[in-house]
file structure.pdb (PDB, C-alpha atoms)
ATOM      1  CA  MET A   1      11.377  19.709  -1.114
ATOM      2  CA  LYS A   2      12.658  16.369  -2.432
ATOM      3  CA  TYR A   3       9.333  15.091  -3.810
ATOM      4  CA  SER A   4       7.720  18.381  -4.832
ATOM      5  CA  HIS A   5       8.172  17.802  -8.590
ATOM      6  CA  ASN A   6       7.783  14.025  -8.595
ATOM      7  CA  PRO A   7       5.597  13.183  -5.582
ATOM      8  CA  PHE A   8       4.675   9.656  -6.656
ATOM      9  CA  ILE A   9       5.057   7.099  -9.416
ATOM     10  CA  ARG A  10       2.275   4.971 -10.906
ATOM     11  CA  GLU A  11       2.751   2.143 -13.402
ATOM     12  CA  PHE A  12       1.612  -1.344 -14.380
ATOM     13  CA  ILE A  13       4.443  -3.531 -13.151
ATOM     14  CA  PHE A  14       3.001  -7.025 -12.651
ATOM     15  CA  ASP A  15       2.929  -9.552 -15.479
ATOM     16  CA  GLU A  16       0.048 -11.951 -16.127
ATOM     17  CA  GLU A  17       1.508 -14.697 -13.940
ATOM     18  CA  GLN A  18       1.943 -12.301 -11.010
ATOM     19  CA  GLN A  19      -1.579 -10.949 -11.479
ATOM     20  CA  LEU A  20      -2.988 -14.487 -11.391
ATOM     21  CA  PHE A  21      -0.928 -15.175  -8.265
ATOM     22  CA  LEU A  22      -2.366 -12.123  -6.487
ATOM     23  CA  LYS A  23      -5.914 -12.971  -7.588
ATOM     24  CA  GLY A  24      -5.433 -16.492  -6.269
ATOM     25  CA  LYS A  25      -4.074 -15.275  -2.943
ATOM     26  CA  LEU A  26      -7.011 -12.888  -2.587
ATOM     27  CA  LYS A  27      -9.491 -15.696  -3.274
ATOM     28  CA  GLU A  28      -7.698 -17.884  -0.740
ATOM     29  CA  LYS A  29      -7.525 -15.264   2.001
ATOM     30  CA  GLU A  30     -10.689 -13.202   1.535
ATOM     31  CA  PRO A  31     -12.967 -15.522   3.588
ATOM     32  CA  GLU A  32     -10.728 -14.818   6.594
ATOM     33  CA  MET A  33     -10.730 -11.024   6.248
ATOM     34  CA  TYR A  34     -11.599  -9.101   9.403
ATOM     35  CA  ARG A  35     -12.310  -5.527  10.435
ATOM     36  CA  ALA A  36      -9.140  -3.444  10.268
ATOM     37  CA  GLY A  37      -7.964  -1.354  13.180
ATOM     38  CA  GLN A  38      -5.515   1.522  13.292
ATOM     39  CA  TYR A  39      -2.650   1.171  15.724
ATOM     40  CA  ASN A  40      -1.922   4.039  18.105
ATOM     41  CA  ARG A  41       1.615   3.619  19.430
ATOM     42  CA  LYS A  42       1.183   6.203  22.194
ATOM     43  CA  LEU A  43      -1.923   4.496  23.539
ATOM     44  CA  GLY A  44      -0.660   1.010  22.785
ATOM     45  CA  ASN A  45      -3.939  -0.155  21.288
ATOM     46  CA  HIS A  46      -6.051  -0.345  18.168
ATOM     47  CA  TYR A  47      -8.955   1.912  17.347
ATOM     48  CA  GLY A  48     -11.174   2.027  14.304
ATOM     49  CA  SER A  49     -12.940   5.379  14.131
ATOM     50  CA  ALA A  50     -10.865   6.575  11.167
ATOM     51  CA  ARG A  51     -10.514   3.209   9.468
ATOM     52  CA  PHE A  52     -13.585   1.295   8.301
ATOM     53  CA  CYS A  53     -12.608  -1.597   6.043
ATOM     54  CA  ASP A  54     -11.636  -5.270   6.101
ATOM     55  CA  HIS A  55      -8.140  -6.669   5.677
ATOM     56  CA  ILE A  56      -5.883  -9.699   5.809
ATOM     57  CA  SER A  57      -2.098  -9.987   5.735
ATOM     58  CA  LEU A  58      -0.031 -11.486   2.932
ATOM     59  CA  GLN A  59       3.313 -12.657   4.278
ATOM     60  CA  HIS A  60       6.375 -11.256   2.514
ATOM     61  CA  TYR A  61       7.886 -14.705   1.984
ATOM     62  CA  GLU A  62       4.788 -15.760   0.021
ATOM     63  CA  ALA A  63       5.474 -13.160  -2.664
ATOM     64  CA  PRO A  64       9.210 -12.491  -3.181
ATOM     65  CA  ASP A  65       8.801 -11.451  -6.828
ATOM     66  CA  ILE A  66       6.102  -8.927  -5.811
ATOM     67  CA  SER A  67       8.597  -7.378  -3.392
ATOM     68  CA  ILE A  68      11.224  -7.213  -6.107
ATOM     69  CA  LYS A  69       8.891  -5.529  -8.613
ATOM     70  CA  LEU A  70       7.882  -2.893  -6.076
ATOM     71  CA  LYS A  71      11.494  -2.243  -5.162
ATOM     72  CA  GLU A  72      12.441  -1.816  -8.825
ATOM     73  CA  LEU A  73       9.634   0.694  -9.319
ATOM     74  CA  ALA A  74      10.685   2.660  -6.243
ATOM     75  CA  GLN A  75      14.304   2.693  -7.460
ATOM     76  CA  GLU A  76      13.151   4.046 -10.817
ATOM     77  CA  TRP A  77      11.286   6.877  -9.082
ATOM     78  CA  ASP A  78      13.592   7.828  -6.199
ATOM     79  CA  PRO A  79      17.276   8.375  -7.097
ATOM     80  CA  ASP A  80      18.167   8.215  -3.396
ATOM     81  CA  PHE A  81      16.481   4.850  -2.847
ATOM     82  CA  SER A  82      18.439   2.778  -0.333
ATOM     83  CA  GLU A  83      19.313  -0.863  -1.011
ATOM     84  CA  GLU A  84      18.481  -1.477   2.658
ATOM     85  CA  VAL A  85      14.790  -0.826   1.983
ATOM     86  CA  TRP A  86      12.405  -3.678   1.205
ATOM     87  CA  PHE A  87       8.671  -3.927   0.625
ATOM     88  CA  ALA A  88       8.112  -6.489   3.344
ATOM     89  CA  GLN A  89       4.688  -5.776   4.846
ATOM     90  CA  PHE A  90       1.598  -6.596   2.766
ATOM     91  CA  GLU A  91      -2.158  -6.420   3.285
ATOM     92  CA  PHE A  92      -5.188  -7.019   1.129
ATOM     93  CA  ILE A  93      -7.748  -4.331   2.001
ATOM     94  CA  ARG A  94     -11.401  -4.482   0.954
ATOM     95  CA  TYR A  95     -13.800  -1.535   0.847
ATOM     96  CA  GLN A  96     -17.499  -2.226   0.264
ATOM     97  CA  GLY A  97     -20.250   0.199  -0.669
ATOM     98  CA  ASN A  98     -23.203  -1.263   1.158
ATOM     99  CA  VAL A  99     -21.691   0.037   4.392
ATOM    100  CA  GLY A 100     -19.647   2.979   3.020
ATOM    101  CA  GLN A 101     -16.243   1.668   3.988
ATOM    102  CA  THR A 102     -13.405   4.190   4.040
ATOM    103  CA  PHE A 103     -10.067   5.163   5.578
ATOM    104  CA  HIS A 104     -10.062   8.842   6.448
ATOM    105  CA  ARG A 105      -7.087  11.138   5.981
ATOM    106  CA  HIS A 106      -4.005   9.751   7.696
ATOM    107  CA  ARG A 107      -0.309   9.048   7.186
ATOM    108  CA  ASP A 108       1.492   5.725   7.538
ATOM    109  CA  ASP A 109       4.515   7.112   9.391
ATOM    110  CA  ASN A 110       6.284  10.344  10.218
ATOM    111  CA  GLN A 111       8.953  11.903   8.030
ATOM    112  CA  GLU A 112      11.739  10.268  10.071
ATOM    113  CA  HIS A 113      10.104   6.799   9.753
ATOM    114  CA  SER A 114      10.450   6.425  13.528
ATOM    115  CA  ASP A 115       6.928   5.242  14.377
ATOM    116  CA  PHE A 116       6.563   2.150  12.190
ATOM    117  CA  ASN A 117       9.742   2.036  10.051
ATOM    118  CA  ARG A 118       7.688   2.751   6.919
ATOM    119  CA  VAL A 119       9.521   4.701   4.223
ATOM    120  CA  TYR A 120       7.208   4.297   1.221
ATOM    121  CA  THR A 121       3.598   3.234   0.750
ATOM    122  CA  SER A 122       2.471   1.299  -2.294
ATOM    123  CA  VAL A 123      -1.113   0.686  -3.413
ATOM    124  CA  THR A 124      -2.014  -1.809  -6.149
ATOM    125  CA  MET A 125      -5.586  -2.105  -7.371
ATOM    126  CA  ILE A 126      -6.478  -5.804  -7.398
ATOM    127  CA  GLU A 127     -10.201  -5.634  -8.040
ATOM    128  CA  CYS A 128     -12.820  -2.918  -8.546
ATOM    129  CA  SER A 129     -16.414  -3.688  -9.482
ATOM    130  CA  ASP A 130     -18.066  -2.198 -12.566
ATOM    131  CA  ASP A 131     -20.637  -0.465 -10.358
ATOM    132  CA  LEU A 132     -18.030   1.162  -8.105
ATOM    133  CA  VAL A 133     -18.987   4.613  -6.871
ATOM    134  CA  GLY A 134     -16.494   6.477  -4.676
ATOM    135  CA  GLY A 135     -13.394   4.731  -3.422
ATOM    136  CA  HIS A 136     -10.888   7.302  -4.684
ATOM    137  CA  LEU A 137      -7.349   7.526  -3.399
ATOM    138  CA  LYS A 138      -6.489  11.058  -2.292
ATOM    139  CA  ILE A 139      -2.915  12.146  -1.614
ATOM    140  CA  TRP A 140      -1.901  15.500  -0.132
ATOM    141  CA  VAL A 141       1.602  16.547  -1.189
ATOM    142  CA  PRO A 142       3.354  19.138   1.022
ATOM    143  CA  LEU A 143       4.712  22.166  -0.835
ATOM    144  CA  SER A 144       7.821  24.188  -0.086
ATOM    145  CA  ASP A 145       5.729  27.276   0.763
ATOM    146  CA  GLY A 146       3.964  25.404   3.564
ATOM    147  CA  GLY A 147       0.846  24.643   1.566
ATOM    148  CA  GLU A 148      -0.194  21.375   0.010
ATOM    149  CA  LYS A 149      -1.535  20.024  -3.261
ATOM    150  CA  GLU A 150      -4.305  17.433  -3.375
ATOM    151  CA  TYR A 151      -4.268  14.626  -5.941
ATOM    152  CA  VAL A 152      -7.250  12.356  -6.607
ATOM    153  CA  ILE A 153      -6.100   8.991  -7.971
ATOM    154  CA  ASP A 154      -8.240   6.315  -9.609
ATOM    155  CA  LEU A 155      -6.109   3.261 -10.260
ATOM    156  CA  GLU A 156      -6.902   0.737 -12.972
ATOM    157  CA  PRO A 157      -6.814  -2.990 -12.113
ATOM    158  CA  PHE A 158      -3.216  -3.994 -11.351
ATOM    159  CA  GLU A 159      -1.913  -0.451 -11.579
ATOM    160  CA  THR A 160       0.449   0.431  -8.734
ATOM    161  CA  ILE A 161       1.278   3.757  -7.102
ATOM    162  CA  ILE A 162       4.173   4.439  -4.705
ATOM    163  CA  PHE A 163       4.534   7.562  -2.569
ATOM    164  CA  PRO A 164       6.304   8.576   0.671
ATOM    165  CA  ALA A 165       4.671   6.982   3.716
ATOM    166  CA  TRP A 166       4.556  10.341   5.509
ATOM    167  CA  PHE A 167       2.267  11.943   2.914
ATOM    168  CA  ASP A 168      -1.306  12.324   4.125
ATOM    169  CA  HIS A 169      -3.691  10.181   2.114
ATOM    170  CA  GLU A 170      -7.231   8.860   2.224
ATOM    171  CA  ALA A 171      -9.469   6.153   0.736
ATOM    172  CA  THR A 172     -12.753   7.983   0.214
ATOM    173  CA  PRO A 173     -16.002   6.161   1.102
ATOM    174  CA  VAL A 174     -17.170   3.477  -1.286
ATOM    175  CA  LEU A 175     -20.796   4.387  -1.912
ATOM    176  CA  ASN A 176     -21.561   1.465  -4.198
ATOM    177  CA  GLY A 177     -19.747  -1.653  -5.357
ATOM    178  CA  ARG A 178     -16.404  -2.711  -3.955
ATOM    179  CA  ARG A 179     -12.672  -2.299  -4.392
ATOM    180  CA  VAL A 180      -9.825  -4.478  -3.146
ATOM    181  CA  VAL A 181      -6.251  -3.229  -3.033
ATOM    182  CA  LEU A 182      -2.901  -4.663  -2.057
ATOM    183  CA  ILE A 183      -1.040  -2.326   0.271
ATOM    184  CA  SER A 184       2.648  -2.673   0.972
ATOM    185  CA  TRP A 185       5.062  -0.633   3.036
ATOM    186  CA  ALA A 186       8.787  -0.384   2.352
ATOM    187  CA  GLN A 187      10.829  -0.716   5.511
ATOM    188  CA  ILE A 188      14.524  -0.344   6.279
ATOM    189  CA  GLY A 189      16.259  -3.673   6.794
ATOM    190  CA  LYS A 190      12.985  -5.433   7.573
ATOM    191  CA  HIS A 191      13.589  -9.204   7.883
ATOM    192  CA  ASN A 192      17.070  -8.699   6.280
ATOM    193  CA  LEU A 193      15.570  -9.907   3.036
ATOM    194  CA  LYS A 194      17.858 -11.633   0.578
ATOM    195  CA  ILE A 195      16.798 -13.258  -2.676
ATOM    196  CA  ARG A 196      18.353 -16.566  -3.681
ATOM    197  CA  SER A 197      19.121 -17.491  -7.281
ATOM    198  CA  ASP A 198      15.869 -19.497  -7.419
ATOM    199  CA  GLY A 199      13.852 -16.349  -6.629
ATOM    200  CA  GLN A 200      13.017 -17.340  -3.062
ATOM    201  CA  MET A 201      13.907 -15.383   0.064
ATOM    202  CA  GLU A 202      16.684 -16.817   2.203
ATOM    203  CA  ASN A 203      14.671 -16.432   5.392
ATOM    204  CA  SER A 204      11.559 -18.141   4.023
ATOM    205  CA  PRO A 205      10.115 -20.689   6.494
TER     206      PRO A 205
END
call {"tool": "encode", "arguments": {"input": "structure.pdb", "output": "structure tokens"}}
result
Amino acid sequence: MKYSHNPFIREFIFDEEQQLFLKGKLKEKEPEMYRAGQYNRKLGNHYGSARFCDHISLQHYEAPDISIKLKELAQEWDPDFSEEVWFAQFEFIRYQGNVGQTFHRHRDDNQEHSDFNRVYTSVTMIECSDDLVGGHLKIWVPLSDGGEKEYVIDLEPFETIIFPAWFDHEATPVLNGRRVVLISWAQIGKHNLKIRSDGQMENSP
């Protein structure tokens, strides 16, 4: 299997300026966070039984250098990375311990990327409180013999992990404290993103 020996990559990729930018965007957007749903394409609706957290979108054109950094990390990890793929869908997600917020085991797309056009998932830890209990990232990596291997990941602030969007994963319940992450999904040809020489995207509003 392609990812059996190198199922994900995790690194610190954002410089101080980018970290301050993301902190500022979180502060700006957090008051407008709302309960996240989970879209079911077959039913054509949202449901929340598996997903208990709060979120808010960050538009791709607000953060072109964040997209670039994520793409560079994915290219470093996956030798078959396509230039047509861009990290173009972003969300801040908040899990709080006073209500045990969580996102149970799920995957962000199928292996053919035909449900949501999501090829890779990235998770960046933006904030985790000193009293955090729980809130682990679990990833289940399929093995060539039909089994799977479970990884439990605890990211440090502003550490990023990228893995295939079709891998099962979970955010375990936060039992105390809080954690806020930035999630992004890499998509094929999404928005036909192009970066100008000034670092801005050509299709920015």
call {"tool": "residues_near_point", "arguments": {"input": "structure.pdb", "point": "(-6.5, -2.0, -1.9)", "cutoff": "7 Å", "atoms": "all atoms listed in the file", "output": "list in words"}}
result
Phe92, Ile93, Arg94, Val123, Thr124, Met125, Ile126, Arg179, Val180, Val181, Leu182 and Ile183 of chain A
call {"tool": "write_last_selection", "arguments": {"input": "structure.pdb", "atoms": "C-alpha atoms", "output": "compact mmCIF listing (two decimals), in the coordinates of the input"}}
result
# COMPACT_ATOMS: atom_id res chain seq x y z
CA PHE A 92 -5.19 -7.02 1.13
CA ILE A 93 -7.75 -4.33 2.00
CA ARG A 94 -11.40 -4.48 0.95
CA VAL A 123 -1.11 0.69 -3.41
CA THR A 124 -2.01 -1.81 -6.15
CA MET A 125 -5.59 -2.10 -7.37
CA ILE A 126 -6.48 -5.80 -7.40
CA ARG A 179 -12.67 -2.30 -4.39
CA VAL A 180 -9.82 -4.48 -3.15
CA VAL A 181 -6.25 -3.23 -3.03
CA LEU A 182 -2.90 -4.66 -2.06
CA ILE A 183 -1.04 -2.33 0.27
call {"tool": "resolve_selection", "arguments": {"input": "structure.pdb", "expression": "the PyMOL selection byres ((chain A and resi 100) around 10)", "output": "VMD selection string"}}
result
chain A and resid 52 to 53 95 to 99 101 to 102 134 to 135 172 to 178
call {"tool": "resolve_selection", "arguments": {"input": "structure.pdb", "expression": "the PyMOL selection byres ((chain A and resi 166) around 8)", "output": "ChimeraX atom specification"}}
result
/A:107-111,113,119-120,164-165,167-168
call {"tool": "resolve_selection", "arguments": {"input": "structure.pdb", "expression": "the PyMOL selection byres ((chain A and resi 15-26) around 9)", "output": "list in words"}}
result
Phe12, Ile13, Phe14, Lys27, Glu28, Lys29, Glu30, Pro31, Leu58, Ala63, Asp65, Ile66, Phe92, Ile126, Glu127, Phe158, Val180 and Leu182 of chain A
call {"tool": "closest_residue", "arguments": {"input": "structure.pdb", "among": "A:Leu73, A:Ala186, A:Leu143, A:Ala36", "to": "A:Ile56", "atoms": "all atoms listed in the file"}}
result
A:Ala36
call {"tool": "axis_aligned_box", "arguments": {"input": "structure.pdb", "around": "stretch 83-87 of chain A", "padding_each_side": "8 Å", "output": "AutoDock Vina command-line options"}}
result
--center_x 14.0 --center_y -2.4 --center_z 0.8 --size_x 26.6 --size_y 19.1 --size_z 19.7
call {"tool": "closest_residue", "arguments": {"input": "structure.pdb", "among": "A:Trp185, A:Trp77, A:Phe163, A:Phe116", "to": "A:Glu91", "atoms": "only C-alpha atoms"}}
result
A:Trp185
call {"tool": "decode", "arguments": {"input": "structure.pdb", "residues": "stretch 12-40 of chain A", "atoms": "N, CA and C atoms", "output": "mmCIF file, in the first residue's frame"}}
result
data_model
loop_
_atom_site.group_PDB
_atom_site.id
_atom_site.type_symbol
_atom_site.label_atom_id
_atom_site.label_comp_id
_atom_site.auth_asym_id
_atom_site.auth_seq_id
_atom_site.Cartn_x
_atom_site.Cartn_y
_atom_site.Cartn_z
ATOM 1 N N PHE A 12 6.499 21.478 12.092
ATOM 2 C CA PHE A 12 6.197 22.880 12.358
ATOM 3 C C PHE A 12 6.557 23.661 11.099
ATOM 4 N N ILE A 13 5.564 24.205 10.430
ATOM 5 C CA ILE A 13 5.821 24.816 9.130
ATOM 6 C C ILE A 13 5.514 26.312 9.089
ATOM 7 N N PHE A 14 4.826 26.842 10.099
ATOM 8 C CA PHE A 14 4.416 28.238 10.055
ATOM 9 C C PHE A 14 5.368 29.116 10.866
ATOM 10 N N ASP A 15 5.802 30.223 10.253
ATOM 11 C CA ASP A 15 6.700 31.131 10.951
ATOM 12 C C ASP A 15 5.903 32.007 11.930
ATOM 13 N N GLU A 16 6.615 32.856 12.650
ATOM 14 C CA GLU A 16 5.968 33.657 13.701
ATOM 15 C C GLU A 16 4.886 34.567 13.130
ATOM 16 N N GLU A 17 5.135 35.162 11.991
ATOM 17 C CA GLU A 17 4.143 36.045 11.372
ATOM 18 C C GLU A 17 2.870 35.271 11.009
ATOM 19 N N GLN A 18 3.037 34.072 10.452
ATOM 20 C CA GLN A 18 1.881 33.260 10.091
ATOM 21 C C GLN A 18 1.126 32.775 11.323
ATOM 22 N N GLN A 19 1.856 32.455 12.388
ATOM 23 C CA GLN A 19 1.204 32.061 13.635
ATOM 24 C C GLN A 19 0.370 33.204 14.198
ATOM 25 N N LEU A 20 0.932 34.425 14.184
ATOM 26 C CA LEU A 20 0.187 35.582 14.671
ATOM 27 C C LEU A 20 -1.041 35.842 13.810
ATOM 28 N N PHE A 21 -0.904 35.636 12.496
ATOM 29 C CA PHE A 21 -2.041 35.790 11.592
ATOM 30 C C PHE A 21 -3.161 34.824 11.966
ATOM 31 N N LEU A 22 -2.820 33.559 12.187
ATOM 32 C CA LEU A 22 -3.838 32.554 12.512
ATOM 33 C C LEU A 22 -4.459 32.829 13.877
ATOM 34 N N LYS A 23 -3.650 33.249 14.847
ATOM 35 C CA LYS A 23 -4.204 33.620 16.152
ATOM 36 C C LYS A 23 -5.185 34.786 16.015
ATOM 37 N N GLY A 24 -4.807 35.765 15.195
ATOM 38 C CA GLY A 24 -5.675 36.916 14.990
ATOM 39 C C GLY A 24 -6.980 36.541 14.309
ATOM 40 N N LYS A 25 -6.902 35.665 13.308
ATOM 41 C CA LYS A 25 -8.111 35.224 12.626
ATOM 42 C C LYS A 25 -9.014 34.432 13.568
ATOM 43 N N LEU A 26 -8.409 33.615 14.430
ATOM 44 C CA LEU A 26 -9.215 32.875 15.403
ATOM 45 C C LEU A 26 -9.924 33.843 16.349
ATOM 46 N N LYS A 27 -9.211 34.830 16.850
ATOM 47 C CA LYS A 27 -9.815 35.802 17.763
ATOM 48 C C LYS A 27 -10.959 36.547 17.077
ATOM 49 N N GLU A 28 -10.759 36.867 15.810
ATOM 50 C CA GLU A 28 -11.773 37.583 15.039
ATOM 51 C C GLU A 28 -13.023 36.735 14.809
ATOM 52 N N LYS A 29 -12.822 35.451 14.517
ATOM 53 C CA LYS A 29 -13.928 34.607 14.086
ATOM 54 C C LYS A 29 -14.586 33.797 15.213
ATOM 55 N N GLU A 30 -13.872 33.600 16.317
ATOM 56 C CA GLU A 30 -14.393 32.697 17.344
ATOM 57 C C GLU A 30 -15.763 33.109 17.885
ATOM 58 N N PRO A 31 -16.055 34.411 18.075
ATOM 59 C CA PRO A 31 -17.394 34.762 18.576
ATOM 60 C C PRO A 31 -18.536 34.297 17.673
ATOM 61 N N GLU A 32 -18.244 34.022 16.414
ATOM 62 C CA GLU A 32 -19.279 33.603 15.469
ATOM 63 C C GLU A 32 -19.293 32.089 15.251
ATOM 64 N N MET A 33 -18.499 31.348 16.008
ATOM 65 C CA MET A 33 -18.503 29.894 15.857
ATOM 66 C C MET A 33 -19.893 29.320 16.152
ATOM 67 N N TYR A 34 -20.205 28.209 15.487
ATOM 68 C CA TYR A 34 -21.502 27.575 15.679
ATOM 69 C C TYR A 34 -21.327 26.065 15.660
ATOM 70 N N ARG A 35 -22.346 25.359 16.112
ATOM 71 C CA ARG A 35 -22.283 23.909 16.223
ATOM 72 C C ARG A 35 -22.077 23.280 14.853
ATOM 73 N N ALA A 36 -21.071 22.440 14.747
ATOM 74 C CA ALA A 36 -20.732 21.802 13.472
ATOM 75 C C ALA A 36 -21.667 20.639 13.190
ATOM 76 N N GLY A 37 -22.009 20.481 11.938
ATOM 77 C CA GLY A 37 -22.747 19.306 11.486
ATOM 78 C C GLY A 37 -21.832 18.411 10.677
ATOM 79 N N GLN A 38 -22.366 17.309 10.229
ATOM 80 C CA GLN A 38 -21.619 16.391 9.363
ATOM 81 C C GLN A 38 -22.502 16.089 8.171
ATOM 82 N N TYR A 39 -22.032 16.444 6.985
ATOM 83 C CA TYR A 39 -22.874 16.343 5.803
ATOM 84 C C TYR A 39 -22.977 14.904 5.312
ATOM 85 N N ASN A 40 -24.193 14.478 5.031
ATOM 86 C CA ASN A 40 -24.465 13.161 4.477
ATOM 87 C C ASN A 40 -24.964 13.358 3.049
#
